[in-house]
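Peer 1: upload_19.txt is reproduced below (compact mmCIF, C-alpha atoms).
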# COMPACT_ATOMS: atom_id res chain seq x y z
CA MET T 276 181.18 99.35 120.24
CA ILE T 277 178.13 97.84 121.92
CA THR T 278 178.94 95.68 124.94
CA THR T 279 176.60 92.96 126.18
CA ASP T 280 176.58 89.52 127.75
CA ILE T 281 174.73 87.64 125.01
CA CYS T 282 174.46 88.70 121.40
CA ILE T 283 171.40 87.11 119.81
CA ILE T 284 171.37 86.89 116.04
CA GLY T 285 167.73 86.96 114.95
CA ALA T 286 164.89 88.83 116.65
CA GLY T 287 162.12 86.33 115.92
CA PRO T 288 159.96 84.83 118.69
CA VAL T 289 162.69 82.48 119.90
CA GLY T 290 165.40 85.16 119.93
CA LEU T 291 163.04 87.45 121.84
CA PHE T 292 162.11 84.82 124.42
CA ALA T 293 165.81 84.04 124.94
CA VAL T 294 166.10 87.59 126.31
CA PHE T 295 163.59 86.67 129.05
CA GLU T 296 165.33 83.45 130.03
CA ALA T 297 168.71 85.23 129.99
CA GLY T 298 167.26 88.08 132.04
CA LEU T 299 166.13 85.71 134.80
CA LEU T 300 169.80 84.77 135.12
CA LYS T 301 170.86 88.45 135.06
CA MET T 302 172.40 88.21 131.61
CA ARG T 303 171.93 91.20 129.30
CA CYS T 304 171.14 90.76 125.61
CA HIS T 305 171.63 92.63 122.36
CA LEU T 306 169.71 91.44 119.30
CA ILE T 307 170.64 91.87 115.65
CA ASP T 308 168.21 91.23 112.79
CA ALA T 309 168.46 91.78 109.06
CA LEU T 310 164.80 92.81 108.96
CA PRO T 311 163.87 96.37 109.90
CA GLN T 312 161.47 95.21 112.65
CA VAL T 313 161.40 92.56 115.37
CA GLY T 314 159.31 89.40 115.10
CA GLY T 315 161.04 87.57 112.25
CA GLN T 316 158.71 85.51 110.09
CA LEU T 317 155.78 86.27 112.34
CA SER T 318 155.86 89.99 111.63
CA GLU T 319 157.27 89.81 108.11
CA ILE T 320 155.30 86.96 106.58
CA TYR T 321 152.15 86.19 108.52
CA PRO T 322 151.40 88.92 111.09
CA GLN T 323 147.64 88.37 110.95
CA LYS T 324 147.67 84.57 110.90
CA PRO T 325 146.50 82.82 114.05
CA ILE T 326 148.91 80.39 115.73
CA TYR T 327 147.24 77.53 117.61
CA ASP T 328 150.10 75.75 119.32
CA ILE T 329 151.43 78.29 121.79
CA PRO T 330 150.82 76.76 125.24
CA GLY T 331 148.18 78.71 127.13
CA TYR T 332 146.84 80.47 124.03
CA PRO T 333 144.09 78.55 122.22
CA SER T 334 144.71 81.00 119.37
CA ILE T 335 146.91 84.04 119.04
CA ASN T 336 147.71 86.27 116.07
CA ALA T 337 151.37 86.14 115.12
CA GLN T 338 151.89 89.87 115.59
CA ASP T 339 150.14 89.77 118.97
CA LEU T 340 152.55 87.06 120.10
CA VAL T 341 155.48 89.26 119.06
CA ASP T 342 153.98 92.25 120.88
CA ASN T 343 153.45 90.14 124.00
CA LEU T 344 157.02 88.87 123.88
CA MET T 345 158.29 92.45 123.63
CA GLU T 346 156.23 93.33 126.70
CA GLN T 347 157.50 90.24 128.52
CA ILE T 348 161.19 91.09 127.94
CA GLU T 349 160.84 94.82 128.57
CA PRO T 350 162.05 94.53 132.22
CA PHE T 351 165.41 93.35 130.90
CA HIS T 352 165.94 96.31 128.56
CA PRO T 353 167.29 94.44 125.55
CA THR T 354 168.97 96.56 122.88
CA PHE T 355 168.52 96.09 119.14
CA THR T 356 170.36 96.56 115.86
CA LEU T 357 167.72 96.16 113.15
CA GLY T 358 168.01 96.20 109.36
CA GLU T 359 171.61 95.04 109.48
CA ARG T 360 173.07 91.67 108.62
CA VAL T 361 175.71 89.97 110.72
CA GLU T 362 178.88 89.52 108.67
CA ASN T 363 181.86 88.77 110.88
CA LEU T 364 182.66 86.91 114.03
CA GLU T 365 186.01 87.50 115.72
CA LYS T 366 187.17 85.47 118.70
CA GLN T 367 189.04 87.48 121.34
CA ASP T 368 191.96 86.23 123.45
CA ASP T 369 189.74 85.89 126.54
CA GLY T 370 187.26 83.71 124.64
CA SER T 371 184.68 86.46 124.11
CA TYR T 372 183.51 87.51 120.66
CA ILE T 373 183.14 90.64 118.57
CA ILE T 374 180.37 90.50 115.99
CA THR T 375 180.28 92.98 113.12
CA THR T 376 177.37 93.78 110.79
CA ASN T 377 177.35 94.81 107.14
CA ASP T 378 176.86 98.42 108.28
CA GLY T 379 179.89 98.30 110.56
CA THR T 380 178.06 98.02 113.90
CA SER T 381 180.15 95.96 116.30
CA VAL T 382 179.02 94.10 119.39
CA HIS T 383 181.29 92.67 122.05
CA CYS T 384 179.74 89.70 123.86
CA GLN T 385 180.59 86.71 126.00
CA VAL T 386 178.17 84.37 124.24
CA VAL T 387 176.72 84.24 120.71
CA VAL T 388 173.23 82.81 120.22
CA ILE T 389 172.12 82.16 116.67
CA ALA T 390 168.32 82.31 116.48
CA GLY T 391 168.22 83.06 112.79
CA GLY T 392 165.11 81.08 111.80
CA LEU T 393 165.10 80.51 108.05
CA GLY T 394 168.28 82.54 107.67
CA CYS T 395 168.65 85.60 105.50
CA PHE T 396 166.75 86.00 102.26
CA GLU T 397 169.33 86.27 99.49
CA PRO T 398 168.93 86.52 95.71
CA ARG T 399 168.58 83.17 93.98
CA LYS T 400 171.38 82.68 91.47
CA PRO T 401 170.68 80.94 88.16
CA GLU T 402 173.09 78.43 86.68
CA ILE T 403 175.09 80.53 84.27
CA GLU T 404 178.68 79.73 83.42
CA ASN T 405 181.08 82.34 84.85
CA LEU T 406 178.28 84.17 86.68
CA GLU T 407 180.01 84.62 90.04
CA HIS T 408 183.23 85.68 88.30
CA PHE T 409 181.49 88.83 87.05
CA GLU T 410 179.65 89.75 90.26
CA GLY T 411 180.32 93.43 90.86
CA LYS T 412 181.83 93.60 87.38
CA GLY T 413 178.59 94.04 85.50
CA VAL T 414 176.55 91.35 87.25
CA ALA T 415 174.22 92.30 90.10
CA TYR T 416 171.17 90.60 91.56
CA MET T 417 169.21 93.72 92.37
CA VAL T 418 168.92 97.27 91.09
CA LYS T 419 170.16 99.50 93.87
CA ASN T 420 170.62 102.71 91.93
CA PRO T 421 168.95 102.82 88.49
CA GLU T 422 170.96 105.94 87.58
CA GLN T 423 174.06 103.75 87.39
CA LEU T 424 172.40 101.99 84.47
CA ARG T 425 171.79 105.17 82.49
CA ASP T 426 172.94 104.82 78.89
CA ARG T 427 174.10 101.27 79.56
CA ARG T 428 173.20 98.12 77.66
CA VAL T 429 171.31 96.11 80.26
CA VAL T 430 170.19 92.49 80.12
CA LEU T 431 167.57 91.36 82.63
CA ALA T 432 166.66 87.72 83.23
CA GLY T 433 163.57 86.34 84.91
CA GLY T 434 159.81 86.06 84.60
CA GLY T 435 158.53 87.36 87.91
CA ASP T 436 157.13 90.72 88.89
CA SER T 437 160.47 92.35 89.61
CA ALA T 438 161.89 91.35 86.21
CA LEU T 439 158.83 92.88 84.51
CA ASP T 440 158.79 96.01 86.63
CA TRP T 441 162.47 96.76 86.12
CA THR T 442 162.19 96.12 82.39
CA VAL T 443 159.46 98.76 82.19
CA PHE T 444 161.35 101.20 84.39
CA LEU T 445 164.74 100.82 82.73
CA ALA T 446 163.27 101.17 79.22
CA ASN T 447 163.46 104.94 79.78
CA VAL T 448 166.82 104.96 81.52
CA ALA T 449 169.17 102.49 79.88
CA LYS T 450 170.51 102.71 76.35
CA GLU T 451 169.26 99.23 75.56
CA VAL T 452 167.12 96.85 77.62
CA THR T 453 166.79 93.14 76.95
CA LEU T 454 164.58 90.80 78.98
CA VAL T 455 165.34 87.10 78.73
CA HIS T 456 162.65 84.71 79.99
CA ARG T 457 162.56 80.93 79.77
CA GLY T 458 158.82 80.82 79.13
CA ASP T 459 156.70 82.61 76.59
CA THR T 460 154.10 83.93 79.02
CA PHE T 461 154.19 85.74 82.34
CA ARG T 462 151.89 84.28 84.97
CA GLY T 463 151.86 87.13 87.45
CA ALA T 464 150.99 90.83 87.15
CA PRO T 465 149.12 90.97 83.82
CA ASP T 466 149.44 94.80 83.70
CA SER T 467 153.22 94.75 83.85
CA ALA T 468 153.38 91.90 81.34
CA GLU T 469 151.15 93.84 78.92
CA LYS T 470 153.41 96.90 79.25
CA VAL T 471 156.49 94.82 78.49
CA PHE T 472 154.84 93.34 75.37
CA ASP T 473 153.83 96.87 74.28
CA LEU T 474 157.36 98.20 74.78
CA ALA T 475 158.71 95.26 72.80
CA ARG T 476 156.32 96.02 69.91
CA GLU T 477 157.42 99.66 69.96
CA GLY T 478 161.05 98.54 69.80
CA LYS T 479 161.86 100.07 73.18
CA VAL T 480 162.84 96.80 74.79
CA ASN T 481 164.25 93.64 73.36
CA LEU T 482 162.18 90.67 74.54
CA ILE T 483 163.76 87.24 74.16
CA LEU T 484 161.36 84.47 75.17
CA GLN T 485 161.75 80.71 75.52
CA SER T 486 165.44 81.25 76.12
CA ASN T 487 168.02 81.01 78.86
CA ILE T 488 171.28 82.78 79.45
CA THR T 489 173.86 80.00 79.39
CA SER T 490 177.18 81.78 79.71
CA ILE T 491 178.73 85.22 79.95
CA SER T 492 182.14 86.57 79.10
CA GLY T 493 184.26 89.70 79.17
CA ASN T 494 187.73 90.98 79.79
CA GLY T 495 187.60 91.93 83.46
CA HIS T 496 184.12 93.46 83.05
CA LEU T 497 181.04 91.86 81.51
CA GLN T 498 180.97 92.30 77.71
CA GLU T 499 178.91 89.50 76.22
CA VAL T 500 175.88 87.42 77.18
CA ASN T 501 175.23 84.14 75.41
CA ILE T 502 171.59 83.14 75.14
CA THR T 503 170.37 79.68 74.19
CA ALA T 504 166.84 79.32 72.84
CA LYS T 505 164.57 76.34 73.37
CA ASP T 506 165.42 75.17 69.82
CA LYS T 507 169.13 75.18 70.87
CA THR T 508 170.09 78.15 68.70
CA VAL T 509 172.59 80.40 70.42
CA ARG T 510 172.88 84.13 70.10
CA THR T 511 175.36 86.56 71.62
CA LEU T 512 174.41 89.99 72.92
CA GLU T 513 176.83 92.74 73.81
CA ALA T 514 176.00 94.02 77.28
CA ASP T 515 177.38 96.21 80.06
CA ASN T 516 175.15 94.87 82.80
CA LEU T 517 173.36 91.63 83.56
CA ILE T 518 170.74 91.52 86.27
CA PRO T 519 169.29 88.07 86.99
CA LEU T 520 166.04 88.56 88.95
CA PHE T 521 165.01 85.16 90.26
CA GLY T 522 163.57 86.11 93.61
CA LEU T 523 164.92 85.53 97.07
CA THR T 524 165.69 82.33 98.86
CA PRO T 525 166.56 81.82 102.52
CA LYS T 526 170.24 81.07 103.14
CA LEU T 527 172.45 80.79 106.20
CA GLY T 528 174.60 83.58 104.77
CA PRO T 529 177.97 84.44 106.39
CA ILE T 530 177.10 82.18 109.38
CA ALA T 531 177.83 79.22 107.12
CA ASP T 532 181.53 80.22 107.16
CA TRP T 533 181.98 80.31 110.93
CA GLY T 534 183.23 76.73 111.24
CA LEU T 535 179.95 75.43 112.65
CA ASN T 536 178.79 71.92 111.84
CA ILE T 537 176.07 72.30 109.21
CA ASP T 538 173.57 69.60 108.32
CA LYS T 539 171.16 70.24 105.43
CA ALA T 540 171.35 74.03 105.72
CA ALA T 541 170.79 73.92 109.51
CA ILE T 542 173.24 74.20 112.42
CA ALA T 543 173.88 70.92 114.25
CA VAL T 544 173.59 71.25 118.03
CA ASP T 545 173.96 69.18 121.19
CA THR T 546 170.52 68.81 122.75
CA THR T 547 171.93 69.00 126.28
CA ASP T 548 172.22 72.76 125.95
CA TYR T 549 171.81 73.57 122.23
CA SER T 550 175.49 74.40 121.93
CA THR T 551 177.22 74.14 118.58
CA ASN T 552 180.61 72.55 118.00
CA VAL T 553 182.21 75.96 118.67
CA GLU T 554 182.49 76.98 122.34
CA ARG T 555 180.27 79.92 123.41
CA ILE T 556 178.17 79.70 120.25
CA TYR T 557 174.64 78.32 120.58
CA ALA T 558 171.88 77.85 118.00
CA ILE T 559 168.18 77.79 118.90
CA GLY T 560 164.88 77.74 117.02
CA ASP T 561 164.29 76.87 113.37
CA ILE T 562 167.94 77.34 112.40
CA ASN T 563 169.23 74.37 114.39
CA THR T 564 168.91 70.66 113.82
CA TYR T 565 169.20 67.53 115.95
CA PRO T 566 167.62 64.08 115.93
CA GLY T 567 163.87 64.56 116.35
CA LYS T 568 163.98 68.30 115.64
CA LEU T 569 160.60 69.97 115.20
CA LYS T 570 160.46 73.48 113.80
CA LEU T 571 157.96 74.79 116.33
CA ILE T 572 158.00 78.05 118.25
CA LEU T 573 157.33 76.19 121.49
CA CYS T 574 160.38 73.96 120.92
CA GLY T 575 162.46 77.08 120.33
CA PHE T 576 161.26 78.48 123.67
CA HIS T 577 162.38 75.31 125.43
CA GLU T 578 165.74 75.45 123.66
CA ALA T 579 166.20 79.08 124.76
CA ALA T 580 165.67 78.14 128.42
CA LEU T 581 168.21 75.30 128.37
CA MET T 582 170.70 77.37 126.39
CA CYS T 583 170.69 80.12 129.03
CA GLN T 584 171.40 77.68 131.87
CA SER T 585 174.51 76.60 129.96
CA ALA T 586 175.62 80.06 128.76
CA PHE T 587 175.60 81.35 132.37
CA ARG T 588 179.05 79.86 133.02
CA TYR T 589 180.64 82.10 130.38
CA VAL T 590 178.99 85.28 131.63
CA TYR T 591 179.51 84.56 135.34
CA PRO T 592 182.43 82.11 135.45
CA ASN T 593 182.84 82.44 139.23
CA GLN T 594 179.21 82.10 140.23
CA LYS T 595 177.19 79.01 140.92
CA LEU T 596 173.88 78.91 139.11
CA SER T 597 170.85 78.21 141.26
CA PHE T 598 167.58 77.52 139.53
CA LYS T 599 164.65 79.70 140.57
CA TYR T 600 160.96 79.79 139.72
CA THR T 601 159.33 83.05 138.68
CA THR T 602 156.38 82.08 140.92
CA VAL T 603 158.74 82.20 143.90
CA ASN T 604 161.05 85.04 142.90
CA GLY T 605 159.02 87.10 140.45
CA VAL T 606 160.83 88.72 137.57
CA PRO T 607 163.98 90.45 138.76
CA THR T 608 164.58 93.52 136.62
CA PHE T 609 167.78 95.33 135.87
CA MET W 35 145.78 53.90 99.28
CA ILE W 36 147.02 56.67 97.01
CA GLN W 37 149.81 55.64 94.67
CA PHE W 38 152.19 57.85 92.76
CA THR W 39 155.78 57.75 91.51
CA ILE W 40 158.78 59.84 92.50
CA GLU W 41 161.70 60.38 90.16
CA ASP W 42 164.86 61.42 91.98
CA ARG W 43 167.41 63.85 90.56
CA ASP W 44 169.45 60.91 89.15
CA GLY W 45 166.42 59.58 87.27
CA THR W 46 165.64 56.61 89.52
CA ARG W 47 161.93 56.06 90.02
CA GLN W 48 160.19 54.67 93.05
CA PRO W 49 156.50 54.02 93.63
CA ILE W 50 155.07 55.54 96.81
CA GLU W 51 151.92 54.41 98.59
CA VAL W 52 150.25 56.66 101.12
CA PRO W 53 147.03 55.94 103.04
CA GLU W 54 144.09 58.16 102.18
CA GLY W 55 143.16 60.93 104.59
CA ILE W 56 146.71 61.22 105.92
CA ASN W 57 146.63 65.02 105.78
CA LEU W 58 150.19 65.55 104.54
CA SER W 59 151.64 67.57 101.71
CA LEU W 60 153.66 65.88 98.98
CA MET W 61 156.73 67.69 100.40
CA GLU W 62 156.17 66.10 103.79
CA VAL W 63 155.86 62.67 102.20
CA LEU W 64 159.09 63.24 100.25
CA LYS W 65 160.95 64.18 103.41
CA ALA W 66 159.48 61.25 105.31
CA SER W 67 160.62 58.99 102.46
CA ASP W 68 164.21 60.23 102.92
CA TYR W 69 164.46 62.17 99.69
CA ASN W 70 166.91 65.03 99.76
CA VAL W 71 164.42 67.89 99.91
CA LEU W 72 165.43 70.88 102.02
CA ALA W 73 161.97 72.44 102.51
CA THR W 74 163.69 75.26 104.37
CA CYS W 75 160.54 77.31 104.92
CA GLY W 76 158.51 74.38 106.19
CA GLY W 77 155.71 74.60 103.66
CA MET W 78 154.89 78.27 103.27
CA ALA W 79 155.75 78.56 99.55
CA LEU W 80 158.68 80.81 100.44
CA CYS W 81 161.83 78.98 99.45
CA ALA W 82 160.95 76.74 96.48
CA THR W 83 163.41 74.09 97.64
CA CYS W 84 160.57 71.53 97.28
CA HIS W 85 160.12 72.30 93.57
CA VAL W 86 158.87 69.29 91.57
CA GLN W 87 158.17 68.79 87.90
CA VAL W 88 154.91 66.96 87.23
CA LEU W 89 155.76 64.46 84.48
CA GLU W 90 152.35 62.77 84.56
CA GLY W 91 149.03 63.80 86.06
CA LEU W 92 149.44 67.57 85.83
CA ASP W 93 145.84 68.12 84.70
CA LYS W 94 144.40 66.32 87.71
CA LEU W 95 146.07 68.59 90.26
CA PRO W 96 144.22 71.50 91.83
CA PRO W 97 145.40 74.83 90.37
CA ALA W 98 148.21 76.69 92.11
CA GLN W 99 147.29 79.59 94.38
CA ASP W 100 148.88 83.05 94.08
CA ALA W 101 151.68 82.46 96.61
CA GLU W 102 152.81 79.36 94.72
CA LEU W 103 152.53 81.02 91.30
CA ASP W 104 154.50 84.06 92.49
CA MET W 105 157.27 81.82 93.73
CA LEU W 106 157.32 79.63 90.59
CA ASP W 107 157.51 82.76 88.43
CA THR W 108 160.79 83.76 90.01
CA LEU W 109 162.53 80.39 89.61
CA PRO W 110 165.22 80.13 86.94
CA ASP W 111 164.36 76.50 86.20
CA ALA W 112 160.57 76.40 86.52
CA ASP W 113 158.43 75.33 83.58
CA PHE W 114 154.73 74.97 82.80
CA ASP W 115 154.72 71.64 84.66
CA SER W 116 156.44 72.92 87.80
CA ARG W 117 154.76 72.85 91.21
CA LEU W 118 155.81 73.32 94.79
CA SER W 119 155.30 69.99 96.52
CA CYS W 120 154.52 71.74 99.82
CA GLN W 121 151.36 73.14 98.23
CA LEU W 122 150.12 69.76 96.98
CA ARG W 123 147.99 67.84 99.48
CA VAL W 124 148.28 64.08 99.29
CA GLU W 125 144.82 63.16 98.06
CA GLU W 126 143.03 61.50 95.16
CA SER W 127 144.32 64.13 92.68
CA LEU W 128 147.87 62.75 93.08
CA GLU W 129 146.84 59.18 92.15
CA GLY W 130 148.97 57.89 89.28
CA GLY W 131 151.07 61.02 89.12
CA VAL W 132 154.79 61.08 88.37
CA PHE W 133 156.84 63.77 90.12
CA ARG W 134 160.46 64.62 89.44
CA ILE W 135 162.39 66.27 92.27
CA ARG W 136 163.93 69.57 91.14
CA GLY W 137 164.54 71.73 94.21
CA ALA W 138 167.99 72.99 95.17
CA GLU W 139 170.02 70.52 97.26
CA GLN W 140 171.69 73.19 99.38
Mind converting the file's structure to structure tokens?
Peer 2:
Amino acid sequence: MITTDICIIGAGPVGLFAVFEAGLLKMRCHLIDALPQVGGQLSEIYPQKPIYDIPGYPSINAQDLVDNLMEQIEPFHPTFTLGERVENLEKQDDGSYIITTNDGTSVHCQVVVIAGGLGCFEPRKPEIENLEHFEGKGVAYMVKNPEQLRDRRVVLAGGGDSALDWTVFLANVAKEVTLVHRGDTFRGAPDSAEKVFDLAREGKVNLILQSNITSISGNGHLQEVNITAKDKTVRTLEADNLIPLFGLTPKLGPIADWGLNIDKAAIAVDTTDYSTNVERIYAIGDINTYPGKLKLILCGFHEAALMCQSAFRYVYPNQKLSFKYTTVNGVPTF
Amino acid sequence: MIQFTIEDRDGTRQPIEVPEGINLSLMEVLKASDYNVLATCGGMALCATCHVQVLEGLDKLPPAQDAELDMLDTLPDADFDSRLSCQLRVEESLEGGVFRIRGAEQ
């Protein structure tokens, strides 16, 4: 069990800067992020893009900002759990919380700060009747272990690169591979598309174009996939596995079930201190919403500072908080 | 003024007028006009919640860049006339267009 004062969910720029503001008030932080590295969107999506609205930097590359933030918070020795997704939140009798990740890491903390940005990227689910009923019973949204599909009858759905790539790969593994795509062309990756058309001509994969999977059925486990063509004709395929591959979309994930007030996929907060409706849980950065909200890094920094002033009372209930400038006091390390 | 029409998910249409040179994306105009568009990623072609179907004026639009095409390819409900409204600048090419809102509501 990891023990800390503040557990920050999300290690993007705002989560990182919260460590600095917390550190000034002698509060220790542990950060958890689903991505394998710190920096959030900045490192994952646009590391080399310049950002022009960080005060004091006419222009700074996203990754450089992350590196600078890591240097800035180093005196406070934050600890990290990376590549794991937060799953559970358990309130303790004394008001503190234990947070658990999908890999079983648990963190005991006095305060929870959600700085989750866009949220977690989760597979996009198509509208297919009964789809969720068969999740884990033949339906999966990614191929984790292709060997599990050996000698199976596999139906893939989608028109993007991953649908094409897995169709090509599984042609030599599965007993039968069918790719269902709503269009009749594939816009991306012409090489992969050409391979899929070749395999279809050779009879190694079954390519069903201009069609959608409309419903699935089975007795406990997936058995049949019903496919409706553009001309409304319906055909039924026997299948052991269905893998819809429709990319990833950002979602709040398990956080959505924590009893927090949610408004349009964002967490509603009180702008006095960026607290949520649940005591000891705060939300800062792109993941929160309030009247006038702007999704800017600099706004997230401001939110982090105010949040820490408020969270102090839970970490040091018997101490009075006195506000100090770094110009006067420097950066106290611990 | 640039004029175009928005069709909401329930089929109701509304004309929209936007001054030229406003430097906004169609997504930003939709949000400012109180349409229920999540635009979770803020305009980086990452979430596709601002997906629109171009009912009229598709040919006039500038072609989609790779990031937009990659995203559209993965959508279960995208068609040949699908675009991401965050990638469409409000400019002359939108004049007279009709856009149906398609993106996920949550």
Peer 1: When the cut-off is 9 Å and we count only C-alpha atoms, which residues of chain T are near chain W, given as a VMD selection string?
Peer 2: chain T and resid 393 399 to 402 432 to 438 456 to 458 461 to 463 487 519 to 526 539 to 541 570
Peer 1: Please identify all polymer residues within 7 Å of Cys304 of chain T, counting only C-alpha atoms, omitting same-chain residues fewer than 2 positions from it, and present them as a PDB file with C-alpha atoms, in the coordinates of the input.
Peer 2:
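Result file follows (selection12.pdb):
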ATOM      1  CA  THR T 279     176.600  92.960 126.180  1.00  0.00           C
ATOM      2  CA  ASP T 280     176.580  89.520 127.750  1.00  0.00           C
ATOM      3  CA  ILE T 281     174.730  87.640 125.010  1.00  0.00           C
ATOM      4  CA  CYS T 282     174.460  88.700 121.400  1.00  0.00           C
ATOM      5  CA  ILE T 283     171.400  87.110 119.810  1.00  0.00           C
ATOM      6  CA  VAL T 294     166.100  87.590 126.310  1.00  0.00           C
ATOM      7  CA  MET T 302     172.400  88.210 131.610  1.00  0.00           C
ATOM      8  CA  LEU T 306     169.710  91.440 119.300  1.00  0.00           C
ATOM      9  CA  PRO T 353     167.290  94.440 125.550  1.00  0.00           C
ATOM     10  CA  THR T 354     168.970  96.560 122.880  1.00  0.00           C
TER      11      THR T 354
END
Peer 1: Using only C-alpha atoms for the distances, tell me which of T:Pro465, T:Arg588, T:Val388, T:Lys595 is nearest to Tyr549 of chain T.
Peer 2: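 Smallest distance to Tyr549 of chain T is found for T:Val388.
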Peer 1: Out of W:Val124, W:Met61, W:Ile50, W:Leu92, which residue has the shortest atom-to-atom distance to Gly137 of chain W when counting all atoms listed in the file?
Peer 2: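 Among W:Val124, W:Met61, W:Ile50, W:Leu92, it is W:Met61 that comes nearest to Gly137 of chain W.
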Peer 1: May I have the protein, DNA and RNA residues with any atom at most 6 Å from the point (169.5, 84.0, 114.5), counting all atoms listed in the file, written as a compact mmCIF listing (two decimals) with C-alpha atoms, keeping the file's coordinate frame?
Peer 2:
# COMPACT_ATOMS: atom_id res chain seq x y z
CA ILE T 284 171.37 86.89 116.04
CA GLY T 285 167.73 86.96 114.95
CA ILE T 389 172.12 82.16 116.67
CA ALA T 390 168.32 82.31 116.48
CA GLY T 391 168.22 83.06 112.79
CA GLY T 392 165.11 81.08 111.80
Peer 1: Which is closest to Ile40 of chain W among W:Asp115, W:Phe133, W:Asp93, W:Ala138, if we use all atoms listed in the file?
Peer 2: W:Phe133
Peer 1: Atom CA of Thr551 of chain T to atom CA of Arg303 of chain T: how many Å, to one decimal?
Peer 2: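 If I compute the distance from atom CA of Thr551 of chain T to atom CA of Arg303 of chain T, I get 20.8 Å.
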Peer 1: Which distance in Å separates atom CA of Ser116 of chain W and atom CA of Val86 of chain W, to one decimal?
Peer 2: 5.8 Å
